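Source file: entry_29.cif. Holds: mmCIF, C-alpha atoms.
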data_upload
loop_
_atom_site.label_atom_id
_atom_site.label_comp_id
_atom_site.auth_asym_id
_atom_site.auth_seq_id
_atom_site.Cartn_x
_atom_site.Cartn_y
_atom_site.Cartn_z
CA MET Q 1306 -45.44 115.60 275.44
CA SER Q 1307 -46.01 114.03 272.04
CA THR Q 1308 -44.49 115.72 269.04
CA PRO Q 1309 -46.85 117.29 266.55
CA ILE Q 1310 -46.99 115.55 263.21
CA LEU Q 1311 -46.08 117.49 260.12
CA PHE Q 1312 -46.88 116.24 256.65
CA VAL Q 1313 -45.72 117.90 253.44
CA ILE Q 1314 -45.83 116.99 249.78
CA VAL Q 1315 -42.87 118.28 247.83
CA GLY Q 1316 -42.92 118.54 244.06
CA LYS Q 1317 -40.08 119.26 241.70
CA ASN Q 1318 -39.49 122.85 242.70
CA GLU Q 1319 -41.74 123.72 245.58
CA PRO Q 1320 -43.81 122.29 248.38
CA LEU Q 1321 -47.27 121.47 247.10
CA PHE Q 1322 -49.13 120.76 250.25
CA GLU Q 1323 -48.58 121.12 253.98
CA ALA Q 1324 -50.58 119.89 256.91
CA GLU Q 1325 -49.76 120.12 260.55
CA ILE Q 1326 -51.66 117.51 262.44
CA ASP Q 1327 -51.92 117.80 266.15
CA THR Q 1328 -52.69 114.49 267.76
CA THR Q 1329 -52.95 115.82 271.26
CA GLY Q 1330 -56.01 117.87 270.48
CA ALA Q 1331 -54.45 121.07 271.79
CA SER Q 1332 -53.99 123.98 269.42
CA ALA Q 1333 -51.09 123.73 267.00
CA GLY Q 1334 -47.64 124.07 268.53
CA ASN Q 1335 -46.12 127.45 268.98
CA ASP Q 1336 -44.59 129.37 266.15
CA LEU Q 1337 -41.02 128.51 267.00
CA SER Q 1338 -41.42 124.75 267.07
CA THR Q 1339 -43.49 124.85 263.90
CA ARG Q 1340 -40.74 126.65 262.07
CA GLN Q 1341 -38.20 124.31 263.47
CA ASN Q 1342 -40.22 121.35 262.24
CA TYR Q 1343 -40.37 122.78 258.75
CA PHE Q 1344 -36.67 123.34 258.88
CA VAL Q 1345 -36.00 119.75 259.87
CA LEU Q 1346 -38.23 118.43 257.12
CA HIS Q 1347 -36.83 120.54 254.36
CA SER Q 1348 -33.26 119.99 255.39
CA SER Q 1349 -33.73 116.26 255.01
CA LEU Q 1350 -34.64 116.67 251.34
CA ASP Q 1351 -31.06 115.99 250.32
CA LEU Q 1352 -31.09 112.76 252.26
CA VAL Q 1353 -34.26 111.76 250.44
CA GLU Q 1354 -32.59 112.21 247.09
CA LYS Q 1355 -29.68 110.17 248.29
CA SER Q 1356 -31.64 107.29 249.72
CA SER Q 1357 -33.92 107.14 246.69
CA TRP Q 1358 -31.02 105.58 244.78
CA THR Q 1359 -30.50 102.84 247.33
CA THR Q 1360 -33.83 101.07 246.99
CA ASN Q 1361 -36.48 100.08 244.51
CA ASN Q 1362 -39.26 100.69 246.96
CA MET Q 1363 -41.38 103.79 246.89
CA TYR Q 1364 -41.42 103.81 250.63
CA LEU Q 1365 -38.02 105.00 251.80
CA ARG Q 1366 -38.71 104.49 255.51
CA VAL Q 1367 -37.01 106.84 257.94
CA VAL Q 1368 -34.49 108.97 256.10
CA ASP Q 1369 -33.50 111.37 258.84
CA LYS Q 1370 -33.49 111.62 262.60
CA VAL Q 1371 -33.16 114.78 264.61
CA ASN Q 1372 -33.28 114.34 268.35
CA HIS Q 1373 -36.41 112.31 268.95
CA GLN Q 1374 -38.02 113.32 265.66
CA GLN Q 1375 -37.98 111.17 262.57
CA VAL Q 1376 -38.61 111.94 258.93
CA SER Q 1377 -40.31 109.21 256.91
CA THR Q 1378 -40.56 109.56 253.17
CA PHE Q 1379 -42.53 108.07 250.34
CA LEU Q 1380 -41.61 108.72 246.73
CA THR Q 1381 -44.37 108.51 244.13
CA ALA Q 1382 -43.75 107.21 240.63
CA GLY Q 1383 -43.75 110.79 239.41
CA ASN Q 1384 -40.97 111.68 241.84
CA VAL Q 1385 -43.21 113.66 244.14
CA LYS Q 1386 -42.13 113.35 247.74
CA PHE Q 1387 -44.44 112.71 250.65
CA MET Q 1388 -42.63 113.55 253.85
CA LEU Q 1389 -43.81 113.02 257.36
CA LEU Q 1390 -42.21 114.33 260.48
CA HIS Q 1391 -43.22 112.35 263.54
CA GLY Q 1392 -42.03 111.24 266.90
CA GLY Q 1393 -41.35 107.61 266.17
CA LYS Q 1394 -44.40 105.87 264.74
CA GLY Q 1395 -44.22 102.29 263.57
CA GLU Q 1396 -42.91 101.83 260.05
CA GLU Q 1397 -45.92 99.84 258.92
CA VAL Q 1398 -48.31 102.44 260.27
CA VAL Q 1399 -46.58 105.22 258.38
CA LYS Q 1400 -46.47 103.10 255.26
CA ASN Q 1401 -50.21 102.53 255.40
CA PHE Q 1402 -50.77 106.23 255.86
CA PHE Q 1403 -48.60 107.02 252.85
CA ASN Q 1404 -50.40 104.48 250.71
CA GLU Q 1405 -53.72 105.98 251.64
CA VAL Q 1406 -52.56 109.48 250.82
CA TYR Q 1407 -51.04 108.22 247.58
CA GLY Q 1408 -54.50 107.03 246.60
CA TYR Q 1409 -55.95 110.47 247.25
CA PHE Q 1410 -53.07 112.10 245.44
CA VAL Q 1411 -53.61 109.99 242.33
CA LYS Q 1412 -57.31 110.84 242.42
CA LEU Q 1413 -56.43 114.49 242.72
CA SER Q 1414 -54.07 114.42 239.77
CA MET Q 1415 -56.84 112.87 237.67
CA ASN Q 1416 -58.88 116.01 238.25
CA PRO Q 1417 -58.74 117.98 235.01
CA PHE Q 1418 -58.71 121.22 236.94
CA TYR Q 1419 -55.57 120.32 238.84
CA LYS Q 1420 -52.34 121.08 237.02
CA TYR Q 1421 -49.67 118.58 237.88
CA ASP Q 1422 -46.86 119.76 240.15
CA THR Q 1423 -48.64 122.88 241.35
CA PRO Q 1424 -49.69 123.69 244.91
CA ILE Q 1425 -52.78 121.83 246.04
CA ALA Q 1426 -55.67 124.09 246.97
CA SER Q 1427 -58.37 121.44 247.17
CA LYS Q 1428 -60.18 121.53 250.48
CA ALA Q 1429 -61.45 117.99 249.98
CA PHE Q 1430 -57.90 116.69 249.64
CA ASP Q 1431 -56.87 118.52 252.79
CA ALA Q 1432 -59.78 117.03 254.70
CA ARG Q 1433 -59.04 113.52 253.44
CA VAL Q 1434 -55.38 113.72 254.39
CA ARG Q 1435 -56.23 114.97 257.86
CA ALA Q 1436 -58.78 112.23 258.33
CA ALA Q 1437 -56.23 109.63 257.23
CA ALA Q 1438 -53.67 111.08 259.61
CA ARG Q 1439 -56.12 110.87 262.49
CA ALA Q 1440 -57.04 107.33 261.57
CA TYR Q 1441 -53.51 106.01 261.22
CA LEU Q 1442 -51.26 108.19 263.29
CA SER Q 1443 -53.05 109.09 266.47
CA MET N 1235 -91.24 100.96 230.89
CA THR N 1236 -89.21 97.93 231.83
CA SER N 1237 -89.08 97.00 228.18
CA LYS N 1238 -87.32 100.30 227.50
CA ALA N 1239 -84.83 99.60 230.24
CA GLN N 1240 -84.27 96.16 228.76
CA ALA N 1241 -83.82 97.59 225.29
CA GLY N 1242 -81.31 100.04 226.73
CA THR N 1243 -79.35 97.25 228.34
CA ALA N 1244 -79.45 95.19 225.16
CA LEU N 1245 -78.20 98.14 223.11
CA TRP N 1246 -75.50 98.94 225.64
CA ALA N 1247 -74.27 95.35 225.37
CA LYS N 1248 -73.84 95.84 221.64
CA MET N 1249 -72.03 99.15 221.78
CA PRO N 1250 -68.26 99.24 221.48
CA LYS N 1251 -66.86 100.20 224.88
CA ALA N 1252 -64.25 102.71 225.85
CA ASN N 1253 -62.41 102.77 229.13
CA ALA N 1254 -64.40 104.93 231.54
CA GLU N 1255 -61.33 106.65 232.96
CA LEU N 1256 -59.94 107.42 229.53
CA PHE N 1257 -63.33 108.81 228.58
CA ALA N 1258 -63.61 110.96 231.70
CA LEU N 1259 -60.07 112.27 231.36
CA THR N 1260 -60.48 113.04 227.67
CA TYR N 1261 -63.61 115.01 228.36
CA GLY N 1262 -61.85 116.69 231.26
CA SER N 1263 -59.00 117.87 229.11
CA LEU N 1264 -61.46 119.08 226.49
CA VAL N 1265 -63.26 121.19 229.07
CA THR N 1266 -60.10 122.59 230.64
CA GLU N 1267 -58.75 123.40 227.20
CA LEU N 1268 -61.95 125.31 226.43
CA VAL N 1269 -61.70 127.09 229.78
CA ARG N 1270 -58.17 128.12 228.96
CA ASP N 1271 -59.10 129.27 225.45
CA TYR N 1272 -62.30 131.17 226.17
CA GLU N 1273 -61.76 132.23 229.77
CA ASP N 1274 -65.40 133.23 230.15
CA PRO N 1275 -67.29 130.19 231.56
CA ILE N 1276 -70.52 131.30 229.91
CA GLU N 1277 -68.80 131.11 226.56
CA VAL N 1278 -67.37 127.70 227.48
CA ASN N 1279 -70.89 126.50 228.27
CA ALA N 1280 -72.03 127.70 224.87
CA GLN N 1281 -69.18 125.92 223.11
CA LEU N 1282 -69.84 122.67 224.98
CA ASP N 1283 -73.48 122.96 224.02
CA ARG N 1284 -72.52 123.46 220.39
CA ILE N 1285 -70.21 120.44 220.44
CA GLY N 1286 -72.92 118.38 222.10
CA HIS N 1287 -75.40 119.47 219.44
CA SER N 1288 -73.13 118.18 216.71
CA ILE N 1289 -72.75 114.91 218.55
CA GLY N 1290 -76.49 114.65 219.16
CA VAL N 1291 -77.53 115.04 215.52
CA ARG N 1292 -75.27 112.08 214.69
CA CYS N 1293 -76.17 110.03 217.73
CA VAL N 1294 -79.82 109.93 216.86
CA ASP N 1295 -79.11 108.24 213.55
CA GLU N 1296 -77.03 105.58 215.18
CA PHE N 1297 -79.67 105.25 217.84
CA LEU N 1298 -82.50 104.77 215.36
CA SER N 1299 -80.63 102.27 213.25
CA LYS N 1300 -79.57 100.18 216.21
CA ALA N 1301 -82.85 100.49 218.08
CA ASP N 1302 -84.55 98.83 215.14
CA VAL N 1303 -82.22 95.93 215.61
CA ALA N 1304 -83.15 95.73 219.26
CA GLY N 1305 -86.74 95.22 218.22
CA MET N 1306 -88.19 98.61 219.01
CA GLY N 1307 -90.34 100.22 216.38
CA LEU N 1308 -89.50 103.65 217.69
CA SER N 1309 -91.21 105.71 215.07
CA THR N 1310 -94.56 104.35 216.21
CA GLN N 1311 -93.83 104.22 219.90
CA CYS N 1312 -93.35 107.82 220.93
CA ASN N 1313 -96.85 109.23 221.10
CA ASN N 1314 -96.18 112.01 223.53
CA LEU N 1315 -93.36 113.76 225.30
CA ARG N 1316 -93.57 111.32 228.17
CA ASP N 1317 -92.63 108.49 225.83
CA THR N 1318 -89.85 110.55 224.35
CA ALA N 1319 -88.48 111.33 227.77
CA GLU N 1320 -88.49 107.68 228.71
CA VAL N 1321 -86.65 106.73 225.55
CA VAL N 1322 -84.05 109.46 226.00
CA ALA N 1323 -83.36 108.52 229.59
CA LYS N 1324 -83.77 104.76 229.64
CA VAL N 1325 -82.52 103.86 226.19
CA GLY N 1326 -80.42 106.78 224.98
CA PHE N 1327 -78.39 107.37 228.13
CA LYS N 1328 -78.00 103.67 228.74
CA MET N 1329 -76.88 103.02 225.20
CA PHE N 1330 -74.29 105.74 224.91
CA LEU N 1331 -73.12 106.27 228.47
CA GLY N 1332 -74.02 103.03 230.19
CA VAL N 1333 -75.81 104.78 233.00
CA THR N 1334 -79.46 104.67 233.86
CA ALA N 1335 -81.23 107.97 234.02
CA GLU N 1336 -84.56 108.64 235.67
CA VAL N 1337 -87.34 110.79 234.32
CA GLY N 1338 -89.56 112.97 236.40
CA GLY N 1339 -90.77 116.45 237.19
CA PHE N 1340 -93.23 116.77 234.34
CA SER N 1341 -94.82 120.18 234.16
CA GLN N 1342 -98.58 120.66 234.21
CA ASP N 1343 -98.83 121.05 230.46
CA GLN N 1344 -96.58 118.03 229.85
CA ARG N 1345 -94.18 120.12 227.87
CA SER N 1346 -91.13 119.92 230.07
CA PHE N 1347 -89.46 117.24 232.13
CA SER N 1348 -86.31 116.48 234.02
CA VAL N 1349 -83.71 113.80 233.51
CA TYR N 1350 -82.02 112.71 236.72
CA LEU N 1351 -78.57 111.19 236.63
CA GLN N 1352 -77.33 109.61 239.81
CA ASP N 1353 -74.04 108.81 238.27
CA ASN N 1354 -72.36 111.06 235.76
CA PRO N 1355 -69.49 109.32 233.97
CA LEU N 1356 -68.22 112.66 232.68
CA SER N 1357 -67.47 114.05 236.08
CA THR N 1358 -65.47 111.17 237.56
CA PHE N 1359 -62.43 112.61 239.35
CA VAL N 1360 -63.60 116.15 238.80
CA GLU N 1361 -63.58 118.63 241.60
CA LEU N 1362 -64.30 122.21 240.70
CA PRO N 1363 -61.72 124.60 242.12
CA SER N 1364 -62.96 126.42 245.17
CA GLU N 1365 -63.61 130.13 244.94
CA SER N 1366 -60.45 130.96 246.84
CA ALA N 1367 -58.25 129.59 244.06
CA GLN N 1368 -57.35 132.07 241.37
CA GLY N 1369 -59.98 132.22 238.68
CA GLY N 1370 -62.08 129.85 240.73
CA ASP N 1371 -64.80 132.38 241.32
CA ASP N 1372 -65.63 132.40 237.66
CA LEU N 1373 -65.66 128.65 237.32
CA ARG N 1374 -68.68 128.43 239.58
CA ARG N 1375 -70.67 129.49 236.57
CA LEU N 1376 -69.19 126.74 234.45
CA LYS N 1377 -71.60 123.95 233.64
CA TYR N 1378 -69.22 121.07 233.39
CA SER N 1379 -71.58 118.60 231.79
CA GLN N 1380 -73.29 121.07 229.49
CA ILE N 1381 -72.35 118.81 226.59
CA LEU N 1382 -75.16 116.44 227.63
CA CYS N 1383 -77.67 119.22 227.12
CA GLY N 1384 -76.30 119.81 223.66
CA VAL N 1385 -76.57 116.14 222.82
CA ILE N 1386 -80.22 115.95 223.91
CA ARG N 1387 -81.02 119.13 222.03
CA GLY N 1388 -79.31 117.92 218.87
CA ALA N 1389 -80.84 114.47 218.99
CA LEU N 1390 -84.38 115.67 219.55
CA GLU N 1391 -84.02 118.33 216.91
CA GLN N 1392 -83.42 115.56 214.40
CA VAL N 1393 -86.72 113.99 215.28
CA ASN N 1394 -88.57 117.28 214.90
CA LEU N 1395 -88.71 118.28 218.52
CA LYS N 1396 -87.26 121.66 219.29
CA VAL N 1397 -86.21 121.69 222.92
CA GLU N 1398 -84.24 123.80 225.30
CA CYS N 1399 -81.98 122.04 227.77
CA SER N 1400 -80.19 123.20 230.85
CA ILE N 1401 -78.44 121.74 233.82
CA VAL N 1402 -80.30 122.81 236.92
CA ARG N 1403 -78.60 120.64 239.51
CA ASP N 1404 -75.06 119.39 239.49
CA THR N 1405 -73.33 117.04 241.90
CA LEU N 1406 -70.13 118.99 241.29
CA LYS N 1407 -71.77 121.96 242.94
CA GLY N 1408 -72.91 120.03 245.97
CA ASP N 1409 -76.35 118.89 244.83
CA GLU N 1410 -77.22 115.30 245.54
CA VAL N 1411 -78.22 114.49 241.97
CA ASN N 1412 -77.60 115.75 238.44
CA GLU N 1413 -80.74 117.18 236.92
CA ILE N 1414 -81.14 118.17 233.32
CA ARG N 1415 -84.26 120.15 232.55
CA VAL N 1416 -85.69 119.66 229.09
CA ASP N 1417 -88.23 122.15 227.82
CA LEU N 1418 -90.22 121.47 224.67
CA LYS N 1419 -90.46 124.63 222.61
CA GLU N 1420 -92.29 123.39 219.56
CA VAL N 1421 -92.91 120.34 217.48
CA LEU N 1422 -91.51 121.13 214.08
CA ALA N 1423 -93.65 120.36 211.11
CA ASP N 1424 -92.31 117.56 208.98
CA GLY N 1425 -89.85 118.86 206.48
CA ALA N 1426 -89.25 122.06 208.37
CA GLY N 1427 -85.52 121.60 208.47
CA ASP N 1428 -84.60 121.40 204.81
CA ASP N 1429 -80.96 121.16 205.72
CA TYR N 1430 -81.51 118.18 207.90
CA LYS N 1431 -84.17 116.36 205.98
CA GLU N 1432 -83.71 112.69 206.65
CA GLU N 1433 -84.89 111.38 203.30
#
Kindly transcribe the structure held in the file into structure tokens.
Amino acid sequence: MSTPILFVIVGKNEPLFEAEIDTTGASAGNDLSTRQNYFVLHSSLDLVEKSSWTTNNMYLRVVDKVNHQQVSTFLTAGNVKFMLLHGGKGEEVVKNFFNEVYGYFVKLSMNPFYKYDTPIASKAFDARVRAAARAYLS
Amino acid sequence: MTSKAQAGTALWAKMPKANAELFALTYGSLVTELVRDYEDPIEVNAQLDRIGHSIGVRCVDEFLSKADVAGMGLSTQCNNLRDTAEVVAKVGFKMFLGVTAEVGGFSQDQRSFSVYLQDNPLSTFVELPSESAQGGDDLRRLKYSQILCGVIRGALEQVNLKVECSIVRDTLKGDEVNEIRVDLKEVLADGAGDDYKEE
């Protein structure tokens, strides 16, 4: 069984965007595993802060591992965190995915109706991220 | 017709340029600031129209002075509204915004026409909030590029054409093209606007 992929964008104080992407095509995982995934992701936030001081790169690679699940992180220039929970994808693949999403994120923040560091309600952004996830991660 | 397009390109080459992104973002912050201040989108539309009008009455002067340089004797060229429409779309829009607009949809009595914009430099990056977002329901009535209507209205008013302008189709709202409808109300007699008399 392949692990579902969970992608969140975390701002300064709160999560801005969440997407659970199921690569198997079946309906999203049950409630318990979903919650557990969120827990894993958010608990690795501290590790993100820590590892952000160790490198100059925006892409922090895998910051945390729990069982067979890994948390990859990308830090934007504005210190917004892209975090991806996955079951061991290639580093380059994840990096490409992050770069793609970063592009969409920059476009989104150029939208005068989007206030920076607030939850993202845009349906177009959601659709783009999901499409990118399907393209890169499945 | 092609000569107008050429004149537009020539004029555009002469204009000082601003970065397109800076321009779009500046306009974006202007609109959002108005939305925050007035709350009612209808009122925002009116304000944008007013701002555009002030821009338009100045633009036309610049346009006429520079168009002379580009070798167009404009005062003698516009014989009917069709000519005017062509000049607005092909020369005016090209000169000030760097985009080519198309003209079409003339009414039977030749008193109204449409300007079609494939590419609207004002709305780069813009995505109107969906209705589910708070306050989003109201923003569906916002006409983001209403300022263009104001500019056309102001500019044509200066050359004695009283028009009404409105945005009837908007790519931000899912239409495939931006359409600005221009309706000629009356041709003012020379000297009608004492305040604005050119000489």
Each chain Q residue no farther than 10 Å from chain N, nearest pair in Å, only C-alpha atoms, as CSV:
residue,atom,partner,partner_atom,distance
Q:Val1411,CA,N:Phe1359,CA,9.7
Q:Lys1412,CA,N:Phe1359,CA,6.2
Q:Leu1413,CA,N:Phe1359,CA,7.1
Q:Ser1414,CA,N:Phe1359,CA,8.6
Q:Met1415,CA,N:Phe1359,CA,5.8
Q:Asn1416,CA,N:Val1360,CA,4.8
Q:Pro1417,CA,N:Gly1262,CA,5.0
Q:Phe1418,CA,N:Thr1266,CA,6.6
Q:Tyr1419,CA,N:Pro1363,CA,8.2
Q:Ile1425,CA,N:Ala1367,CA,9.7
Q:Ala1426,CA,N:Ala1367,CA,6.7
Q:Ser1427,CA,N:Pro1363,CA,6.8
Q:Lys1428,CA,N:Ser1364,CA,7.7
Q:Ala1429,CA,N:Glu1361,CA,8.7
Note to self: Report, in Å with one decimal, the straight-line distance from atom CA of Arg1340 of chain Q to atom CA of Leu1390 of chain Q.
What the structure shows: 12.5 Å
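Selection result for the displayed file, with the PyMOL selection byres ((chain Q and resi 1363-1365) around 8) as criterion, is Val1353, Ser1356, Ser1357, Thr1360, Asn1361, Asn1362, Arg1366, Val1367, Val1368, Ser1377, Thr1378, Phe1379, Leu1380, Thr1381, Ala1382 and Lys1400 of chain Q.
The space between atom CA of Arg1345 of chain N and atom CA of Asp1417 of chain N spans 6.3 Å.
This file, queried with the PyMOL selection byres ((chain N and resi 1354) around 10), gives the residues Ala1258, Leu1331, Gly1332, Val1333, Thr1334, Ala1335, Tyr1350, Leu1351, Gln1352, Asp1353, Pro1355, Leu1356, Ser1357, Thr1358, Ser1379, Asp1404, Thr1405, Leu1406, Val1411 and Asn1412 of chain N.
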Note to self: Just the number, please: distance in Å from atom CA of Val1416 of chain N to atom CA of Arg1270 of chain N, one decimal.
What the structure shows: 28.8 Å
Residues in the PyMOL selection byres ((chain Q and resi 1321) around 10), expressed as a PDB file with C-alpha atoms, in the frame of the given file:
ATOM      1  CA  VAL Q1313     -45.720 117.900 253.440  1.00  0.00           C
ATOM      2  CA  ILE Q1314     -45.830 116.990 249.780  1.00  0.00           C
ATOM      3  CA  VAL Q1315     -42.870 118.280 247.830  1.00  0.00           C
ATOM      4  CA  GLY Q1316     -42.920 118.540 244.060  1.00  0.00           C
ATOM      5  CA  LYS Q1317     -40.080 119.260 241.700  1.00  0.00           C
ATOM      6  CA  ASN Q1318     -39.490 122.850 242.700  1.00  0.00           C
ATOM      7  CA  GLU Q1319     -41.740 123.720 245.580  1.00  0.00           C
ATOM      8  CA  PRO Q1320     -43.810 122.290 248.380  1.00  0.00           C
ATOM      9  CA  PHE Q1322     -49.130 120.760 250.250  1.00  0.00           C
ATOM     10  CA  GLU Q1323     -48.580 121.120 253.980  1.00  0.00           C
ATOM     11  CA  VAL Q1385     -43.210 113.660 244.140  1.00  0.00           C
ATOM     12  CA  LYS Q1386     -42.130 113.350 247.740  1.00  0.00           C
ATOM     13  CA  PHE Q1387     -44.440 112.710 250.650  1.00  0.00           C
ATOM     14  CA  TYR Q1421     -49.670 118.580 237.880  1.00  0.00           C
ATOM     15  CA  ASP Q1422     -46.860 119.760 240.150  1.00  0.00           C
ATOM     16  CA  THR Q1423     -48.640 122.880 241.350  1.00  0.00           C
ATOM     17  CA  PRO Q1424     -49.690 123.690 244.910  1.00  0.00           C
ATOM     18  CA  ILE Q1425     -52.780 121.830 246.040  1.00  0.00           C
ATOM     19  CA  ALA Q1426     -55.670 124.090 246.970  1.00  0.00           C
TER      20      ALA Q1426
END
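In terms of minimum interatomic distance to Leu1389 of chain Q, Q:Phe1312 ranks closest within Q:Phe1312, Q:Tyr1407, Q:Trp1358, Q:Phe1344, counting only C-alpha atoms.
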Report as lines of an AutoDock Vina configuration file the centre and the edge lengths, in Å to one decimal, of the axis-aligned box holding every listed atom of segment 1334-1341 of chain N, padded by 5 Å on each side.
center_x = -87.1
center_y = 112.4
center_z = 235.5
size_x = 25.4
size_y = 25.5
size_z = 13.3
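Selection around (-36.0, 118.8, 258.4) with radius 10 Å, counting all atoms listed in the file, yields the residues Arg1340, Gln1341, Asn1342, Tyr1343, Phe1344, Val1345, Leu1346, His1347, Ser1348, Ser1349, Leu1350, Asp1351, Leu1352, Asp1369, Lys1370, Val1371, Gln1374, Gln1375, Val1376, Met1388, Leu1389 and Leu1390 of chain Q.
Close contacts of Glu1325 of chain Q, defined as residues with an atom at most 8 Å away when counting only C-alpha atoms, with chain neighbours fewer than 2 positions off set aside, comprise Pro1309, Ile1310, Leu1311, Phe1312, Glu1323, Asp1327 and Ala1333 of chain Q.
The point (-85.7, 100.3, 224.1) has these residues within 6 Å of it, counting only C-alpha atoms: Lys1238, Ala1241, Gly1242, Met1306 and Val1325 of chain N.
Every protein or nucleic acid residue with an atom no more than 10 Å from Tyr1441 of chain Q, counting all atoms listed in the file and leaving out same-chain residues fewer than 3 positions away, appears here: Lys1394, Val1398, Val1399, Lys1400, Asn1401, Phe1402, Phe1403, Glu1405, Arg1435, Ala1436, Ala1437 and Ala1438 of chain Q.
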Notebook entry, point to check: Could you name the residues that touch segment 1389-1393 of chain N at 10 Å or less, counting only C-alpha atoms, but leaving out those on the same chain fewer than 3 positions away, as an MDAnalysis selection string?
Noted result: chainID N and resid 1286:1295 1297 1309 1318 1322 1326 1383:1386 1396:1398 1418 1421:1422 1424 1427 1430:1432
Margin query: Please determine, counting all atoms listed in the file, which residue among N:Ser1348, N:Thr1243, N:Gln1380, N:Asn1394 has the shortest atom-to-atom distance to Asn1279 of chain N.
Written below: N:Gln1380
